Number of protein chains: 2
Amino acid sequence: MTARGPIVVTIPEGDNRERLTCPDCGFINYENPKIVVGSVAAWEDRILLCRRAIEPRRGFWTLPAGYLELNETTDASAAREALEEACAEIAIEGLLAVYSVPRISQIQLIYRARLVSPNVAAGEESLEVGLFRWEEIPWKDIAFPSVHWALNHFRDFRSDGDTAARTNPPGELGNATPDGHRGPGRATEGV
Amino acid sequence: MTARGPIVVTIPEGDNRERLTCPDCGFINYENPKIVVGSVAAWEDRILLCRRAIEPRRGFWTLPAGYLELNETTDASAAREALEEACAEIAIEGLLAVYSVPRISQIQLIYRARLVSPNVAAGEESLEVGLFRWEEIPWKDIAFPSVHWALNHFRDFRSDGDTAARTNPPGELGNATPDGHRGPGRATEGV
């Protein structure tokens with residue numbers, strides 16, 4: 001038989017929102033927001049960045065981050081992503097920020113972390129990785145708005161020492177880069 | 001035809017984890033962790049609690065909290081839940097805690113909040129709501145371990161003023177109440 005899956009928009013009995021349902025088997029696909037976990041990991045005054053080997057935004061720089069897995073804690077997830085994407089061992093120091101990107105139903109938890117050693121290397125999802133001093137960060141080739149937010153919030157933390165979790169910059173919902181760039185693909189958050 | 005839905009455990013081609021797939025239509029159900037957002041909302045020295053009108057843990061007391069909806073920010077979600085469950089208007093003051101309950105793939109974001117007024121009333125999912133001084137809290141009838149955590153972390157915050165987001169108490173993963181109760185249902189987190 002033809003595989004169709006949940007492709008029909010309908011409001012199931014007893015529900016009050018539209019859901020995707022499968023016309024073949026009756027399955028209701030309850031969609032939920034997704035959780036991305038990542039870190040700003042530093043070795044002294046240098047910050048770990050990864051150049052993406054995957055779409056979206058292949059070739060652009062991002063923080064080690066990815067989707068939280070089932071049965072995983074958030075700090076274990078941040079450590080796993082740093083290991084997978086940059087072969088980096090990190091020690092988590094605190095929660096830097098919680099960002100909401102409502103357009104794509106995504107929540108990002110970004111931790112402050114210390115690299116246990118400066119030995120980093122590209123994992124499967126990275127073309128290359130690097131440790132950057134502030135003025136060396138490839139600002140024009142950053143993958144997502146929230147990477148800008150997190151880098152700036154990390155610098156703020158190093159300046160003010162305020163350990164409270166930061167949130168989206170005023171008026172920013174992840175639809176454009178903070179510096180105003182709006183080229184093709186630049187408005188898209190991803191992991 | 002019989003509605004079966006995604007009930008077959010298999011590793012899809014090109015994947016590396018087991019997923020539930022539907023034998024009728026071939027749909028792959030990629031499960032993701034779920035995000036619960038809530039608040040410890042206070043009016044002066046009294047804290048808002050809601051007695052649950054729904055399972056699990058019907059009749060027990062909890063914080064206003066629930067699943068983040070699609071396209072919603074986390075602070076909007078916390079405010080919505082307080083309104084829905086306790087007809088309460090809250091002003092969010094900061095992120096109190098991020099808890100992981102990996103057994104059920106749940107992340108909880110709990111905010112510190114101020115009640116805009118002490119006028120609260122039971123919403124559809126609550127049997128009753130109330131404002132409790134610390135010594136009046138119905139400790140033996142608290143719905144979930146993480147409610148204990150959040151109440152204690154809120155008191156810690158009022159004592160030490162530390163605005164850093166708290167996390168699971170050491171060794172606690174939401175499998176039992178901190179006070180050691182392990183009766184039927186007590187080990188279950190829910191919203």
# chains A, B, ... in the order shown; residues from 1 in each chain; ligands from 1
>>> interface_residues(of="chain A", to="chain B", cutoff="10 Å", atoms="only C-alpha atoms", output="PDB file with N, CA and C atoms, in the first residue's frame")
ATOM      1  N   MET A   1       0.839  -1.206   0.000  1.00  0.00           N
ATOM      2  CA  MET A   1       0.000   0.000   0.000  1.00  0.00           C
ATOM      3  C   MET A   1       0.875   1.259   0.000  1.00  0.00           C
ATOM      4  N   THR A   2       0.302   2.342  -0.373  1.00  0.00           N
ATOM      5  CA  THR A   2       1.018   3.615  -0.380  1.00  0.00           C
ATOM      6  C   THR A   2       1.172   4.152   1.051  1.00  0.00           C
ATOM      7  N   ALA A   3       2.390   4.542   1.381  1.00  0.00           N
ATOM      8  CA  ALA A   3       2.630   5.110   2.710  1.00  0.00           C
ATOM      9  C   ALA A   3       2.273   6.590   2.696  1.00  0.00           C
ATOM     10  N   ARG A   4       1.225   6.977   3.419  1.00  0.00           N
ATOM     11  CA  ARG A   4       0.847   8.392   3.438  1.00  0.00           C
ATOM     12  C   ARG A   4       1.215   9.072   4.756  1.00  0.00           C
ATOM     13  N   GLY A   5       0.971   8.398   5.876  1.00  0.00           N
ATOM     14  CA  GLY A   5       1.314   9.003   7.167  1.00  0.00           C
ATOM     15  C   GLY A   5       0.335  10.101   7.553  1.00  0.00           C
ATOM     16  N   PRO A   6       0.626  10.825   8.656  1.00  0.00           N
ATOM     17  CA  PRO A   6      -0.312  11.825   9.164  1.00  0.00           C
ATOM     18  C   PRO A   6      -0.249  13.111   8.341  1.00  0.00           C
ATOM     19  N   THR A  21      -3.432  14.037  11.109  1.00  0.00           N
ATOM     20  CA  THR A  21      -3.832  12.645  11.326  1.00  0.00           C
ATOM     21  C   THR A  21      -3.600  11.846  10.048  1.00  0.00           C
ATOM     22  N   CYS A  22      -3.440  10.545  10.219  1.00  0.00           N
ATOM     23  CA  CYS A  22      -3.190   9.649   9.092  1.00  0.00           C
ATOM     24  C   CYS A  22      -4.511   9.086   8.575  1.00  0.00           C
ATOM     25  N   PRO A  23      -4.798   9.291   7.292  1.00  0.00           N
ATOM     26  CA  PRO A  23      -6.059   8.808   6.725  1.00  0.00           C
ATOM     27  C   PRO A  23      -6.091   7.286   6.599  1.00  0.00           C
ATOM     28  N   ASP A  24      -4.924   6.653   6.686  1.00  0.00           N
ATOM     29  CA  ASP A  24      -4.874   5.198   6.535  1.00  0.00           C
ATOM     30  C   ASP A  24      -5.096   4.469   7.855  1.00  0.00           C
ATOM     31  N   CYS A  25      -4.432   4.968   8.923  1.00  0.00           N
ATOM     32  CA  CYS A  25      -4.486   4.195  10.172  1.00  0.00           C
ATOM     33  C   CYS A  25      -5.157   4.956  11.308  1.00  0.00           C
ATOM     34  N   GLY A  26      -5.468   6.241  11.121  1.00  0.00           N
ATOM     35  CA  GLY A  26      -6.153   6.995  12.176  1.00  0.00           C
ATOM     36  C   GLY A  26      -5.233   7.597  13.213  1.00  0.00           C
ATOM     37  N   PHE A  27      -3.921   7.388  13.081  1.00  0.00           N
ATOM     38  CA  PHE A  27      -2.963   7.920  14.050  1.00  0.00           C
ATOM     39  C   PHE A  27      -3.028   9.454  14.114  1.00  0.00           C
ATOM     40  N   ILE A  28      -2.993   9.997  15.340  1.00  0.00           N
ATOM     41  CA  ILE A  28      -2.957  11.452  15.526  1.00  0.00           C
ATOM     42  C   ILE A  28      -1.541  11.853  15.922  1.00  0.00           C
ATOM     43  N   ASN A  29      -0.949  12.766  15.170  1.00  0.00           N
ATOM     44  CA  ASN A  29       0.421  13.194  15.427  1.00  0.00           C
ATOM     45  C   ASN A  29       0.419  14.458  16.292  1.00  0.00           C
ATOM     46  N   GLU A  31       2.044  17.211  17.838  1.00  0.00           N
ATOM     47  CA  GLU A  31       3.344  17.865  17.714  1.00  0.00           C
ATOM     48  C   GLU A  31       3.680  18.633  18.976  1.00  0.00           C
ATOM     49  N   ASN A  32       4.940  18.632  19.338  1.00  0.00           N
ATOM     50  CA  ASN A  32       5.389  19.377  20.504  1.00  0.00           C
ATOM     51  C   ASN A  32       6.584  20.238  20.128  1.00  0.00           C
ATOM     52  N   PRO A  33       6.796  21.310  20.907  1.00  0.00           N
ATOM     53  CA  PRO A  33       7.997  22.113  20.678  1.00  0.00           C
ATOM     54  C   PRO A  33       9.240  21.255  20.906  1.00  0.00           C
ATOM     55  N   LYS A  34      10.338  21.666  20.297  1.00  0.00           N
ATOM     56  CA  LYS A  34      11.588  20.911  20.436  1.00  0.00           C
ATOM     57  C   LYS A  34      12.599  21.686  21.281  1.00  0.00           C
ATOM     58  N   ILE A  35      13.422  20.929  21.989  1.00  0.00           N
ATOM     59  CA  ILE A  35      14.417  21.510  22.877  1.00  0.00           C
ATOM     60  C   ILE A  35      15.808  21.347  22.290  1.00  0.00           C
ATOM     61  N   TYR A  67      19.569  18.765  19.337  1.00  0.00           N
ATOM     62  CA  TYR A  67      18.326  18.378  19.992  1.00  0.00           C
ATOM     63  C   TYR A  67      18.579  17.491  21.210  1.00  0.00           C
ATOM     64  N   LEU A  68      17.887  17.822  22.280  1.00  0.00           N
ATOM     65  CA  LEU A  68      17.854  16.950  23.448  1.00  0.00           C
ATOM     66  C   LEU A  68      17.280  15.602  23.034  1.00  0.00           C
ATOM     67  N   GLU A  69      17.938  14.513  23.467  1.00  0.00           N
ATOM     68  CA  GLU A  69      17.446  13.168  23.160  1.00  0.00           C
ATOM     69  C   GLU A  69      16.446  12.718  24.225  1.00  0.00           C
ATOM     70  N   LEU A  70      15.699  11.685  23.914  1.00  0.00           N
ATOM     71  CA  LEU A  70      14.829  11.064  24.906  1.00  0.00           C
ATOM     72  C   LEU A  70      15.662  10.576  26.089  1.00  0.00           C
ATOM     73  N   ASN A  71      15.105  10.704  27.285  1.00  0.00           N
ATOM     74  CA  ASN A  71      15.729  10.177  28.513  1.00  0.00           C
ATOM     75  C   ASN A  71      17.085  10.789  28.819  1.00  0.00           C
ATOM     76  N   GLU A  72      17.271  12.030  28.402  1.00  0.00           N
ATOM     77  CA  GLU A  72      18.549  12.703  28.618  1.00  0.00           C
ATOM     78  C   GLU A  72      18.331  13.920  29.512  1.00  0.00           C
ATOM     79  N   THR A  73      19.306  14.209  30.398  1.00  0.00           N
ATOM     80  CA  THR A  73      19.239  15.455  31.150  1.00  0.00           C
ATOM     81  C   THR A  73      19.850  16.569  30.298  1.00  0.00           C
ATOM     82  N   THR A  74      19.525  17.807  30.634  1.00  0.00           N
ATOM     83  CA  THR A  74      19.989  18.908  29.783  1.00  0.00           C
ATOM     84  C   THR A  74      21.504  19.094  29.861  1.00  0.00           C
ATOM     85  N   ASP A  75      22.091  18.915  31.032  1.00  0.00           N
ATOM     86  CA  ASP A  75      23.546  19.110  31.109  1.00  0.00           C
ATOM     87  C   ASP A  75      24.297  17.969  30.411  1.00  0.00           C
ATOM     88  N   GLY A  94      27.139  26.801  34.430  1.00  0.00           N
ATOM     89  CA  GLY A  94      25.838  27.386  34.778  1.00  0.00           C
ATOM     90  C   GLY A  94      25.018  27.598  33.519  1.00  0.00           C
ATOM     91  N   LEU A  95      23.751  27.953  33.724  1.00  0.00           N
ATOM     92  CA  LEU A  95      22.868  28.186  32.577  1.00  0.00           C
ATOM     93  C   LEU A  95      23.027  29.638  32.119  1.00  0.00           C
ATOM     94  N   LEU A  96      23.504  29.822  30.893  1.00  0.00           N
ATOM     95  CA  LEU A  96      23.694  31.176  30.361  1.00  0.00           C
ATOM     96  C   LEU A  96      22.373  31.788  29.931  1.00  0.00           C
ATOM     97  N   ALA A  97      21.538  31.036  29.227  1.00  0.00           N
ATOM     98  CA  ALA A  97      20.349  31.641  28.621  1.00  0.00           C
ATOM     99  C   ALA A  97      19.309  30.596  28.244  1.00  0.00           C
ATOM    100  N   VAL A  98      18.064  31.037  28.216  1.00  0.00           N
ATOM    101  CA  VAL A  98      16.963  30.269  27.626  1.00  0.00           C
ATOM    102  C   VAL A  98      16.352  31.144  26.539  1.00  0.00           C
ATOM    103  N   TYR A  99      16.428  30.681  25.306  1.00  0.00           N
ATOM    104  CA  TYR A  99      15.862  31.440  24.190  1.00  0.00           C
ATOM    105  C   TYR A  99      14.630  30.718  23.642  1.00  0.00           C
ATOM    106  N   SER A 100      13.630  31.487  23.250  1.00  0.00           N
ATOM    107  CA  SER A 100      12.455  30.937  22.577  1.00  0.00           C
ATOM    108  C   SER A 100      12.475  31.382  21.123  1.00  0.00           C
ATOM    109  N   VAL A 101      12.277  30.439  20.215  1.00  0.00           N
ATOM    110  CA  VAL A 101      12.135  30.764  18.791  1.00  0.00           C
ATOM    111  C   VAL A 101      10.765  30.236  18.371  1.00  0.00           C
ATOM    112  N   PRO A 102       9.709  31.011  18.715  1.00  0.00           N
ATOM    113  CA  PRO A 102       8.338  30.486  18.601  1.00  0.00           C
ATOM    114  C   PRO A 102       7.928  30.143  17.166  1.00  0.00           C
ATOM    115  N   ARG A 103       8.486  30.825  16.175  1.00  0.00           N
ATOM    116  CA  ARG A 103       8.116  30.557  14.787  1.00  0.00           C
ATOM    117  C   ARG A 103       8.329  29.093  14.417  1.00  0.00           C
ATOM    118  N   ILE A 104       9.395  28.520  14.968  1.00  0.00           N
ATOM    119  CA  ILE A 104       9.670  27.111  14.679  1.00  0.00           C
ATOM    120  C   ILE A 104       9.501  26.234  15.926  1.00  0.00           C
ATOM    121  N   SER A 105       8.795  26.771  16.934  1.00  0.00           N
ATOM    122  CA  SER A 105       8.492  26.013  18.164  1.00  0.00           C
ATOM    123  C   SER A 105       9.744  25.383  18.757  1.00  0.00           C
ATOM    124  N   GLN A 106      10.750  26.230  18.944  1.00  0.00           N
ATOM    125  CA  GLN A 106      12.020  25.731  19.475  1.00  0.00           C
ATOM    126  C   GLN A 106      12.421  26.506  20.734  1.00  0.00           C
ATOM    127  N   ILE A 107      12.874  25.758  21.739  1.00  0.00           N
ATOM    128  CA  ILE A 107      13.427  26.355  22.947  1.00  0.00           C
ATOM    129  C   ILE A 107      14.896  25.978  23.011  1.00  0.00           C
ATOM    130  N   LEU A 109      18.341  25.941  25.348  1.00  0.00           N
ATOM    131  CA  LEU A 109      19.000  26.100  26.646  1.00  0.00           C
ATOM    132  C   LEU A 109      20.497  26.141  26.381  1.00  0.00           C
ATOM    133  N   ASP A 162      26.830  38.446  36.292  1.00  0.00           N
ATOM    134  CA  ASP A 162      25.440  38.139  36.665  1.00  0.00           C
ATOM    135  C   ASP A 162      25.091  36.724  36.181  1.00  0.00           C
ATOM    136  N   THR A 163      24.820  35.826  37.129  1.00  0.00           N
ATOM    137  CA  THR A 163      24.580  34.424  36.782  1.00  0.00           C
ATOM    138  C   THR A 163      23.123  34.115  36.436  1.00  0.00           C
ATOM    139  N   ALA A 164      22.246  35.115  36.488  1.00  0.00           N
ATOM    140  CA  ALA A 164      20.847  34.861  36.104  1.00  0.00           C
ATOM    141  C   ALA A 164      20.784  34.486  34.631  1.00  0.00           C
ATOM    142  N   ALA A 165      19.897  33.536  34.303  1.00  0.00           N
ATOM    143  CA  ALA A 165      19.753  33.115  32.905  1.00  0.00           C
ATOM    144  C   ALA A 165      19.226  34.274  32.066  1.00  0.00           C
ATOM    145  N   ARG A 166      19.862  34.500  30.940  1.00  0.00           N
ATOM    146  CA  ARG A 166      19.417  35.563  30.021  1.00  0.00           C
ATOM    147  C   ARG A 166      18.308  35.026  29.129  1.00  0.00           C
ATOM    148  N   THR A 167      17.642  35.933  28.412  1.00  0.00           N
ATOM    149  CA  THR A 167      16.572  35.513  27.518  1.00  0.00           C
ATOM    150  C   THR A 167      16.687  36.261  26.192  1.00  0.00           C
ATOM    151  N   ASN A 168      15.754  36.041  25.277  1.00  0.00           N
ATOM    152  CA  ASN A 168      15.840  36.722  23.978  1.00  0.00           C
ATOM    153  C   ASN A 168      16.101  38.217  24.157  1.00  0.00           C
ATOM    154  N   LEU A 173      13.012  37.495  18.029  1.00  0.00           N
ATOM    155  CA  LEU A 173      12.386  36.177  18.127  1.00  0.00           C
ATOM    156  C   LEU A 173      13.050  35.164  17.189  1.00  0.00           C
TER     157      LEU A 173
END
>>> calpha_fit_rmsd(fixed="chain B", moving="chain A")
0.2 Å
>>> residues_around(residues="range 130-134 of chain B", least_positions_apart="2", cutoff="10 Å", atoms="only C-alpha atoms", output="compact mmCIF listing (two decimals) with N, CA and C atoms, in the first residue's frame")
# COMPACT_ATOMS: atom_id res chain seq x y z
N ALA B 41 4.49 31.37 42.01
CA ALA B 41 3.95 32.74 41.99
C ALA B 41 3.53 33.12 43.40
N ALA B 42 4.01 34.27 43.86
CA ALA B 42 3.77 34.66 45.25
C ALA B 42 3.01 35.98 45.35
N TRP B 43 2.19 36.04 46.39
CA TRP B 43 1.58 37.31 46.80
C TRP B 43 2.13 37.56 48.21
N GLU B 44 3.05 38.51 48.31
CA GLU B 44 3.78 38.73 49.56
C GLU B 44 4.41 37.42 50.04
N ASP B 45 4.04 36.92 51.21
CA ASP B 45 4.70 35.69 51.69
C ASP B 45 3.86 34.44 51.42
N ARG B 46 2.88 34.57 50.51
CA ARG B 46 2.05 33.41 50.21
C ARG B 46 2.25 32.92 48.78
N ILE B 47 2.25 31.61 48.62
CA ILE B 47 2.55 30.98 47.33
C ILE B 47 1.30 30.33 46.76
N LEU B 48 1.12 30.50 45.45
CA LEU B 48 -0.05 29.96 44.76
C LEU B 48 0.11 28.46 44.48
N LEU B 49 -0.84 27.68 44.95
CA LEU B 49 -0.88 26.25 44.61
C LEU B 49 -2.27 25.90 44.08
N CYS B 50 -2.30 24.85 43.26
CA CYS B 50 -3.56 24.41 42.63
C CYS B 50 -3.77 22.93 42.97
N ARG B 51 -5.01 22.59 43.34
CA ARG B 51 -5.31 21.18 43.59
C ARG B 51 -5.84 20.57 42.30
N TRP B 61 -1.77 18.66 45.30
CA TRP B 61 -1.44 20.06 45.05
C TRP B 61 -0.20 20.22 44.17
N ALA B 86 -5.47 28.88 37.49
CA ALA B 86 -5.77 29.57 38.74
C ALA B 86 -6.37 30.96 38.53
N PRO B 118 -4.13 39.32 44.56
CA PRO B 118 -4.36 38.05 45.27
C PRO B 118 -5.66 37.38 44.86
N ASN B 119 -6.31 37.90 43.82
CA ASN B 119 -7.56 37.30 43.36
C ASN B 119 -7.27 36.10 42.47
N VAL B 120 -7.46 34.91 43.01
CA VAL B 120 -7.25 33.69 42.25
C VAL B 120 -8.49 32.81 42.39
N ALA B 121 -8.70 31.93 41.42
CA ALA B 121 -9.87 31.05 41.44
C ALA B 121 -9.56 29.81 40.61
N ALA B 122 -10.22 28.71 40.93
CA ALA B 122 -9.96 27.45 40.23
C ALA B 122 -10.31 27.55 38.76
N GLU B 128 -9.47 23.29 43.33
CA GLU B 128 -9.43 24.52 44.10
C GLU B 128 -8.03 25.10 43.99
N GLU B 136 1.92 26.65 55.95
CA GLU B 136 0.57 26.18 55.63
C GLU B 136 0.54 25.25 54.41
N ILE B 137 1.66 25.15 53.71
CA ILE B 137 1.70 24.32 52.49
C ILE B 137 1.35 22.87 52.82
N PRO B 138 0.44 22.25 52.06
CA PRO B 138 0.03 20.87 52.33
C PRO B 138 1.10 19.87 51.86
N TRP B 139 2.20 19.81 52.61
CA TRP B 139 3.38 19.05 52.20
C TRP B 139 3.10 17.58 51.91
N LEU B 151 9.48 24.52 45.34
CA LEU B 151 9.11 25.27 46.54
C LEU B 151 10.34 25.51 47.40
N ASN B 152 11.16 24.49 47.57
CA ASN B 152 12.38 24.66 48.37
C ASN B 152 13.36 25.62 47.71
N ARG B 155 12.19 29.12 48.30
CA ARG B 155 12.54 29.60 49.65
C ARG B 155 14.03 29.92 49.73
>>> atom_distance(atom1="CA of Ser39 in chain A", atom2="CA of Arg112 in chain A")
5.8 Å
>>> select_by_dssp(residues="chain A", states="alpha helix (DSSP H)", output="short mmCIF file (atom, residue, chain, number, x, y, z; two decimals) with C-alpha atoms, in the first residue's frame")
data_model
loop_
_atom_site.label_atom_id
_atom_site.label_comp_id
_atom_site.auth_asym_id
_atom_site.auth_seq_id
_atom_site.Cartn_x
_atom_site.Cartn_y
_atom_site.Cartn_z
CA THR A 74 19.99 18.91 29.78
CA ASP A 75 23.55 19.11 31.11
CA ALA A 76 24.37 15.64 29.76
CA SER A 77 23.00 16.78 26.42
CA ALA A 78 25.21 19.90 26.32
CA ALA A 79 28.28 17.78 27.10
CA ARG A 80 27.35 15.18 24.48
CA GLU A 81 26.91 17.80 21.76
CA ALA A 82 30.32 19.35 22.50
CA LEU A 83 31.88 15.89 22.30
CA GLU A 84 30.06 14.89 19.10
CA GLU A 85 30.54 18.12 17.19
CA ALA A 86 33.96 19.25 18.42
CA PRO A 145 20.63 34.79 15.32
CA SER A 146 20.70 32.93 18.63
CA VAL A 147 24.44 32.28 18.22
CA HIS A 148 24.90 36.07 18.19
CA TRP A 149 22.70 36.36 21.27
CA ALA A 150 24.60 33.70 23.19
CA LEU A 151 28.04 35.07 22.30
CA ASN A 152 27.01 38.56 23.39
CA HIS A 153 25.38 37.26 26.57
CA PHE A 154 28.54 35.30 27.36
CA ARG A 155 30.60 38.46 26.99
CA ASP A 156 28.09 40.29 29.20
CA PHE A 157 28.46 37.59 31.83
CA ARG A 158 32.25 37.85 31.77
CA SER A 159 31.82 41.58 32.28
CA ASP A 160 29.01 41.79 34.87
#
>>> atom_distance(atom1="CA of Arg58 in chain B", atom2="CA of Val116 in chain B")
27.4 Å
>>> residues_around(residues="Ala143 in chain B", least_positions_apart="4", cutoff="7 Å", atoms="only C-alpha atoms", output="VMD selection string")
chain B and resid 57 60 to 62
>>> closest_residue(among="B:Ile54, B:Gly123, B:Gly66, B:Ser117", to="Cys87 in chain B", atoms="only C-alpha atoms")
B:Gly123
>>> select_by_dssp(residues="range 21-179 of chain B", states="strand (DSSP E)", output="PyMOL selection string")
chain B and resi 21+28-29+34-43+46-52+61-62+65-67+90-101+106-115+126-132
>>> write_last_selection(atoms="C-alpha atoms", output="compact mmCIF listing (two decimals), in the first residue's frame")
# COMPACT_ATOMS: atom_id res chain seq x y z
CA THR B 21 6.61 3.00 13.02
CA ILE B 28 7.89 7.02 11.55
CA ASN B 29 7.06 8.63 14.88
CA LYS B 34 8.51 17.48 26.21
CA ILE B 35 8.79 20.89 27.81
CA VAL B 36 6.75 21.79 30.88
CA VAL B 37 6.64 25.45 31.91
CA GLY B 38 5.36 26.69 35.26
CA SER B 39 5.86 29.19 38.03
CA VAL B 40 6.20 29.69 41.74
CA ALA B 41 3.95 32.74 41.99
CA ALA B 42 3.77 34.66 45.25
CA TRP B 43 1.58 37.31 46.80
CA ARG B 46 2.05 33.41 50.21
CA ILE B 47 2.55 30.98 47.33
CA LEU B 48 -0.05 29.96 44.76
CA LEU B 49 -0.88 26.25 44.61
CA CYS B 50 -3.56 24.41 42.63
CA ARG B 51 -5.31 21.18 43.59
CA ARG B 52 -5.41 18.97 40.51
CA TRP B 61 -1.44 20.06 45.05
CA THR B 62 0.83 21.41 42.36
CA ALA B 65 2.33 24.46 35.03
CA GLY B 66 1.75 22.65 31.78
CA TYR B 67 3.10 21.72 28.38
CA ILE B 90 1.40 36.94 37.14
CA ALA B 91 4.46 39.07 36.47
CA ILE B 92 7.51 36.94 35.76
CA GLU B 93 10.63 37.95 37.68
CA GLY B 94 13.20 35.41 36.54
CA LEU B 95 13.97 31.76 35.88
CA LEU B 96 13.97 29.84 39.16
CA ALA B 97 15.00 26.41 37.88
CA VAL B 98 15.43 23.97 35.03
CA TYR B 99 14.66 20.38 36.02
CA SER B 100 15.25 17.24 33.97
CA VAL B 101 13.06 14.18 34.48
CA GLN B 106 10.54 15.84 30.38
CA ILE B 107 12.24 19.21 30.94
CA GLN B 108 10.65 21.66 33.34
CA LEU B 109 11.27 25.42 33.26
CA ILE B 110 9.99 26.97 36.48
CA TYR B 111 9.84 30.75 36.80
CA ARG B 112 9.77 33.00 39.84
CA ALA B 113 6.73 35.25 39.58
CA ARG B 114 4.72 37.85 41.46
CA LEU B 115 0.94 37.74 41.54
CA SER B 126 -8.11 22.66 39.25
CA LEU B 127 -10.47 21.52 42.02
CA GLU B 128 -9.43 24.52 44.10
CA VAL B 129 -6.56 26.97 44.36
CA GLY B 130 -5.02 28.70 47.34
CA LEU B 131 -2.35 31.06 48.62
CA PHE B 132 -0.20 29.40 51.26
>>> atom_distance(atom1="CA of Glu55 in chain A", atom2="CA of Asn175 in chain A")
17.4 Å
>>> decode(residues="range 98-118 of chain A", atoms="C-alpha atoms", output="PDB file, in the first residue's frame")
ATOM      1  CA  VAL A  98      16.963  30.269  27.626  1.00  0.00           C
ATOM      2  CA  TYR A  99      15.862  31.440  24.190  1.00  0.00           C
ATOM      3  CA  SER A 100      12.455  30.937  22.577  1.00  0.00           C
ATOM      4  CA  VAL A 101      12.135  30.764  18.791  1.00  0.00           C
ATOM      5  CA  PRO A 102       8.338  30.486  18.601  1.00  0.00           C
ATOM      6  CA  ARG A 103       8.116  30.557  14.787  1.00  0.00           C
ATOM      7  CA  ILE A 104       9.670  27.111  14.679  1.00  0.00           C
ATOM      8  CA  SER A 105       8.492  26.013  18.164  1.00  0.00           C
ATOM      9  CA  GLN A 106      12.020  25.731  19.475  1.00  0.00           C
ATOM     10  CA  ILE A 107      13.427  26.355  22.947  1.00  0.00           C
ATOM     11  CA  GLN A 108      17.178  26.688  23.367  1.00  0.00           C
ATOM     12  CA  LEU A 109      19.000  26.100  26.646  1.00  0.00           C
ATOM     13  CA  ILE A 110      22.555  27.442  26.371  1.00  0.00           C
ATOM     14  CA  TYR A 111      25.059  26.704  29.119  1.00  0.00           C
ATOM     15  CA  ARG A 112      28.267  28.469  30.130  1.00  0.00           C
ATOM     16  CA  ALA A 113      31.076  25.930  30.102  1.00  0.00           C
ATOM     17  CA  ARG A 114      34.814  25.577  30.475  1.00  0.00           C
ATOM     18  CA  LEU A 115      36.827  23.428  28.098  1.00  0.00           C
ATOM     19  CA  VAL A 116      38.711  20.796  30.080  1.00  0.00           C
ATOM     20  CA  SER A 117      41.496  21.014  27.494  1.00  0.00           C
ATOM     21  CA  PRO A 118      42.120  23.070  24.332  1.00  0.00           C
TER      22      PRO A 118
END
